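Novice: Pasting target.cif here (mmCIF, C-alpha atoms):
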```cif
data_final
loop_
_atom_site.label_atom_id
_atom_site.label_comp_id
_atom_site.auth_asym_id
_atom_site.auth_seq_id
_atom_site.Cartn_x
_atom_site.Cartn_y
_atom_site.Cartn_z
CA ALA A 1 29.35 4.94 1.41
CA LEU A 2 31.67 2.23 0.13
CA THR A 3 29.16 0.83 -2.37
CA ARG A 4 26.80 3.72 -3.15
CA PRO A 5 27.54 7.45 -3.43
CA VAL A 6 24.37 8.31 -1.53
CA GLY A 7 25.90 6.64 1.52
CA ALA A 8 28.46 9.43 1.90
CA PHE A 9 25.64 11.94 2.44
CA ILE A 10 24.36 10.07 5.48
CA VAL A 11 27.08 11.87 7.42
CA PHE A 12 24.85 14.98 7.57
CA PRO A 13 21.92 13.55 9.58
CA LEU A 14 24.37 11.67 11.78
CA PHE A 15 26.35 14.86 12.39
CA TYR A 16 23.12 16.61 13.38
CA LEU A 17 22.21 13.71 15.68
CA TYR A 18 25.67 13.84 17.28
CA LEU A 19 25.36 17.60 17.90
CA LYS A 20 21.86 17.07 19.31
CA THR A 21 23.20 14.57 21.85
CA LYS A 22 25.77 17.19 22.84
CA ASP A 23 23.05 19.87 23.23
CA PHE A 24 24.53 21.78 20.27
CA LYS A 25 27.33 23.08 22.51
CA ILE A 26 30.85 23.14 21.13
CA ARG A 27 32.40 22.49 24.55
CA ASN A 28 30.54 19.15 24.73
CA ILE A 29 32.01 17.84 21.47
CA ARG A 30 34.49 15.03 22.02
CA PRO A 31 37.06 13.34 19.76
CA SER A 32 34.42 10.66 19.14
CA ILE A 33 33.01 12.98 16.47
CA LEU A 34 35.89 11.85 14.26
CA PHE A 35 34.13 8.50 13.83
CA LEU A 36 31.80 10.31 11.46
CA LEU A 37 34.73 10.62 9.07
CA LEU A 38 34.53 6.85 8.53
CA ILE A 39 31.41 7.43 6.43
CA PRO A 40 32.96 9.54 3.64
CA LEU A 41 36.11 7.45 3.98
CA GLY A 42 34.20 4.64 2.25
CA ALA A 43 33.65 6.79 -0.83
CA PHE A 44 37.30 7.87 -0.75
CA LEU A 45 38.49 4.25 -0.55
CA PHE A 46 36.30 3.35 -3.51
CA GLY A 47 37.87 6.25 -5.43
CA CYS A 48 41.31 4.90 -4.55
CA TYR A 49 40.27 1.44 -5.73
CA SER A 50 38.98 2.95 -8.99
CA TYR A 51 42.28 4.77 -9.43
CA TYR A 52 44.18 1.54 -8.85
CA LEU A 53 42.11 -0.28 -11.48
CA THR A 54 41.70 2.44 -14.11
CA GLY A 55 44.04 5.31 -13.30
CA ASP A 56 40.97 7.52 -12.76
CA PHE A 57 39.85 8.38 -9.21
CA PHE A 58 36.42 9.38 -10.55
CA ALA A 59 35.98 6.41 -12.92
CA TYR A 60 32.64 5.64 -11.29
CA VAL A 61 31.35 9.11 -12.18
CA HIS A 62 32.65 8.89 -15.75
CA ILE A 63 31.03 5.48 -16.24
CA LYS A 64 27.73 6.88 -14.95
CA GLU A 65 27.99 9.69 -17.53
CA LYS A 66 28.16 7.03 -20.26
CA TRP A 67 24.89 5.66 -18.85
CA ARG A 68 23.26 9.07 -19.29
CA HIS A 69 23.61 10.05 -15.63
CA THR A 70 24.11 13.81 -15.65
CA LEU A 71 23.78 16.43 -12.94
CA THR A 72 20.13 17.51 -12.98
CA ASN A 73 17.77 19.70 -10.99
CA PRO A 74 15.52 17.18 -9.15
CA ILE A 75 12.47 19.46 -9.11
CA THR A 76 12.64 20.06 -12.86
CA LEU A 77 13.25 16.36 -13.43
CA LEU A 78 10.17 15.33 -11.43
CA TYR A 79 7.98 17.94 -13.10
CA THR A 80 8.98 17.01 -16.64
CA SER A 81 8.85 13.27 -15.89
CA ILE A 82 5.19 13.42 -14.95
CA PHE A 83 4.45 14.15 -18.62
CA SER A 84 6.69 11.39 -20.02
CA ASN A 85 5.43 8.79 -22.51
CA ASN A 86 7.15 6.05 -20.51
CA PRO A 87 4.82 4.64 -17.81
CA ALA A 88 7.79 3.57 -15.67
CA ILE A 89 9.15 7.11 -15.53
CA VAL A 90 5.71 8.58 -14.74
CA PHE A 91 5.17 5.92 -12.07
CA ASN A 92 8.54 6.62 -10.42
CA ALA A 93 8.07 10.40 -10.59
CA VAL A 94 4.64 10.19 -8.94
CA PHE A 95 6.02 7.70 -6.43
CA ALA A 96 8.90 10.06 -5.55
CA ILE A 97 6.54 12.99 -5.12
CA GLY A 98 4.38 10.84 -2.84
CA VAL A 99 7.43 9.86 -0.79
CA PHE A 100 8.47 13.50 -0.38
CA ILE A 101 4.92 14.37 0.75
CA LEU A 102 5.05 11.49 3.24
CA ILE A 103 8.40 12.72 4.59
CA PHE A 104 7.03 16.25 4.95
CA LEU A 105 3.80 15.13 6.65
CA THR A 106 5.54 12.94 9.20
CA CYS A 107 8.67 14.99 9.88
CA ARG A 108 7.56 15.97 13.38
CA LYS A 109 6.42 12.49 14.36
CA VAL A 110 9.47 10.68 13.01
CA GLY A 111 12.01 13.35 13.91
CA PHE A 112 14.31 15.55 11.91
CA THR A 113 17.17 13.05 11.77
CA TYR A 114 15.14 10.20 10.31
CA SER A 115 13.22 12.51 7.99
CA SER A 116 16.42 14.05 6.65
CA LEU A 117 17.89 10.57 6.17
CA ALA A 118 14.87 9.47 4.13
CA PHE A 119 14.98 12.73 2.16
CA ILE A 120 18.67 12.29 1.34
CA LEU A 121 18.20 8.67 0.29
CA MET A 122 15.47 9.73 -2.14
CA ILE A 123 16.77 13.09 -3.44
CA VAL A 124 20.41 12.21 -4.19
CA PRO A 125 19.56 9.73 -6.99
CA LEU A 126 17.36 12.38 -8.62
CA PHE A 127 20.42 14.57 -9.14
CA SER A 128 21.76 12.02 -11.63
CA GLY A 129 19.12 12.64 -14.28
CA SER A 130 16.20 10.89 -15.90
CA SER A 131 17.88 7.49 -15.95
CA ALA A 132 17.49 7.36 -12.16
CA LEU A 133 13.72 7.49 -12.57
CA THR A 134 13.54 4.07 -14.17
CA GLY A 135 14.14 2.46 -10.79
CA LEU A 136 13.61 5.15 -8.19
CA ALA A 137 10.98 3.24 -6.24
CA ARG A 138 13.58 0.66 -5.25
CA TYR A 139 15.60 3.36 -3.48
CA ALA A 140 12.72 3.75 -1.04
CA LEU A 141 13.28 0.19 0.14
CA VAL A 142 16.41 1.20 2.07
CA ALA A 143 14.85 4.42 3.40
CA PHE A 144 13.62 2.75 6.58
CA PRO A 145 12.23 5.98 8.09
CA LEU A 146 9.50 5.79 5.45
CA PHE A 147 8.27 2.56 7.02
CA ILE A 148 8.26 4.21 10.44
CA SER A 149 6.22 7.07 8.93
CA LEU A 150 3.70 4.64 7.43
CA ALA A 151 3.40 2.78 10.73
CA LEU A 152 2.72 6.04 12.57
CA LEU A 153 0.16 7.24 10.03
CA PHE A 154 -1.73 3.95 9.77
CA LYS A 155 -1.96 2.85 13.39
CA ASN A 156 -5.62 1.90 13.50
CA ARG A 157 -7.00 -1.18 11.78
CA LYS A 158 -9.15 0.60 9.17
CA ASN A 159 -6.26 2.78 7.97
CA ASP A 160 -3.95 -0.23 8.02
CA GLU A 161 -6.33 -2.16 5.75
CA MET A 162 -6.53 0.82 3.36
CA LEU A 163 -2.72 0.97 3.27
CA THR A 164 -2.52 -2.76 2.58
CA ILE A 165 -4.92 -2.43 -0.36
CA PHE A 166 -2.96 0.57 -1.68
CA LEU A 167 0.36 -1.30 -1.40
CA VAL A 168 -1.07 -4.33 -3.20
CA LEU A 169 -2.20 -2.04 -6.04
CA LEU A 170 1.24 -0.41 -6.03
CA LEU A 171 2.86 -3.83 -6.29
CA GLY A 172 0.52 -4.74 -9.15
CA SER A 173 1.43 -1.53 -10.97
CA SER A 174 5.12 -2.22 -10.50
CA LEU A 175 4.77 -5.74 -11.83
CA TRP A 176 2.77 -4.52 -14.84
CA ILE A 177 5.50 -2.00 -15.66
CA PHE A 178 8.17 -4.68 -15.30
CA TRP A 179 6.30 -7.29 -17.35
CA ASN A 180 5.67 -4.85 -20.15
CA ARG A 181 9.36 -4.02 -20.28
CA TYR A 182 8.91 -0.35 -19.52
CA LEU A 183 11.72 -0.62 -17.01
CA PHE A 184 14.35 0.77 -19.38
CA TYR A 185 13.83 3.71 -21.72
#
```
Could you spell out this file's structure in structure tokens?
Specialist:
Amino acid sequence: ALTRPVGAFIVFPLFYLYLKTKDFKIRNIRPSILFLLLIPLGAFLFGCYSYYLTGDFFAYVHIKEKWRHTLTNPITLLYTSIFSNNPAIVFNAVFAIGVFILIFLTCRKVGFTYSSLAFILMIVPLFSGSSALTGLARYALVAFPLFISLALLFKNRKNDEMLTIFLVLLLGSSLWIFWNRYLFY
């Protein structure tokens, strides 16, 4: 939460996990729940640091607006991006849709907490507009529940080999996009 805005949203799956360990009973909640406030505190401290440097608590947000990051509907963004002329944007939109399908298909196996964490890590950047689509696939790298999902889906050797081939092709596609300088608009 101190370095990325998406980190502040991790408090929601952790809050659910805390309540689950307390059997969702209010009488079982202890003062230890206050440790969850440390997560959004990181974003608050960064805002204070921004205010100290610039006189603007939300300087980070205003800078992002200059980089064409605007509040956007993620569903509309993904739908319109599929028909883009930029291969990098199409690639990232299709990749994001695939990730959301993976999260949905493995929600029961992985668990609600991990699935919601992966969902948050992928959906929050989409709210910032089309500029997020130029590098959305890299956000999946920190969404570790996706790797758990893949491991659960591809347990046997044949499926594992198919996944390896698919990931090699995915890597090749990513490199082609990067080498052809489609990374930025």
Novice: For segment 104-116 of chain A, work out the shell of residues within 7 Å, counting only C-alpha atoms and skipping chain neighbours fewer than 3 positions away, then give it as a PyMOL selection string.
Specialist: chain A and resi 13+17+100-101+119-120+145+149
Novice: Run the PyMOL selection byres ((chain A and resi 61-78) around 6) mentally over the shown coordinates, then write out the matched residues as JSON, numbers by chain, using the chain letters and numbers from the document.
Specialist: {"A": [58, 59, 60, 79, 80, 81, 93, 126, 127, 128, 129]}
Novice: Quote the spacing between atom CA of Gly172 of chain A and atom CA of Ile123 of chain A in Å to one decimal place.
Specialist: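 Going from atom CA of Gly172 of chain A over to atom CA of Ile123 of chain A covers 24.8 Å.
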Novice: Restricting the calculation to all atoms listed in the file: of A:Asn159, A:Leu170, A:Leu152, A:Gly55, which residue gets closest to Val94 of chain A?
Specialist: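 Using all atoms listed in the file, Val94 of chain A sits closest to A:Leu170.
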Novice: Provide the atom CA of Leu141 of chain A to atom CA of Pro40 of chain A distance in Å, to one decimal place.
Specialist: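 So the answer is 22.1 Å.
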Novice: Tell me, in Å to one decimal, how far atom CA of Phe166 of chain A is from atom CA of Ala151 of chain A.
Specialist: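 So the answer is 14.1 Å.
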Novice: May I ask which of the residues A:Met122, A:Leu136, A:Val11, A:Cys48 is the closest one to Phe35 of chain A, counting only C-alpha atoms?
Specialist: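 Selected residue with least distance to Phe35 of chain A: A:Val11.
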Novice: Between A:Phe9, A:Asn156, A:Phe15, A:Ile165, single out the one closest to Ile29 of chain A, counting all atoms listed in the file.
Specialist: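 Looking only at the distances to Ile29 of chain A, the closest residue turns out to be A:Phe15.
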Novice: To verify the selection step, state as a ChimeraX atom specification which residues the PyMOL selection byres ((chain A and resi 95) around 12) yields on this input.
Specialist: /A:78,81-82,87-94,96-102,122,133-140,167,170-171,173-174
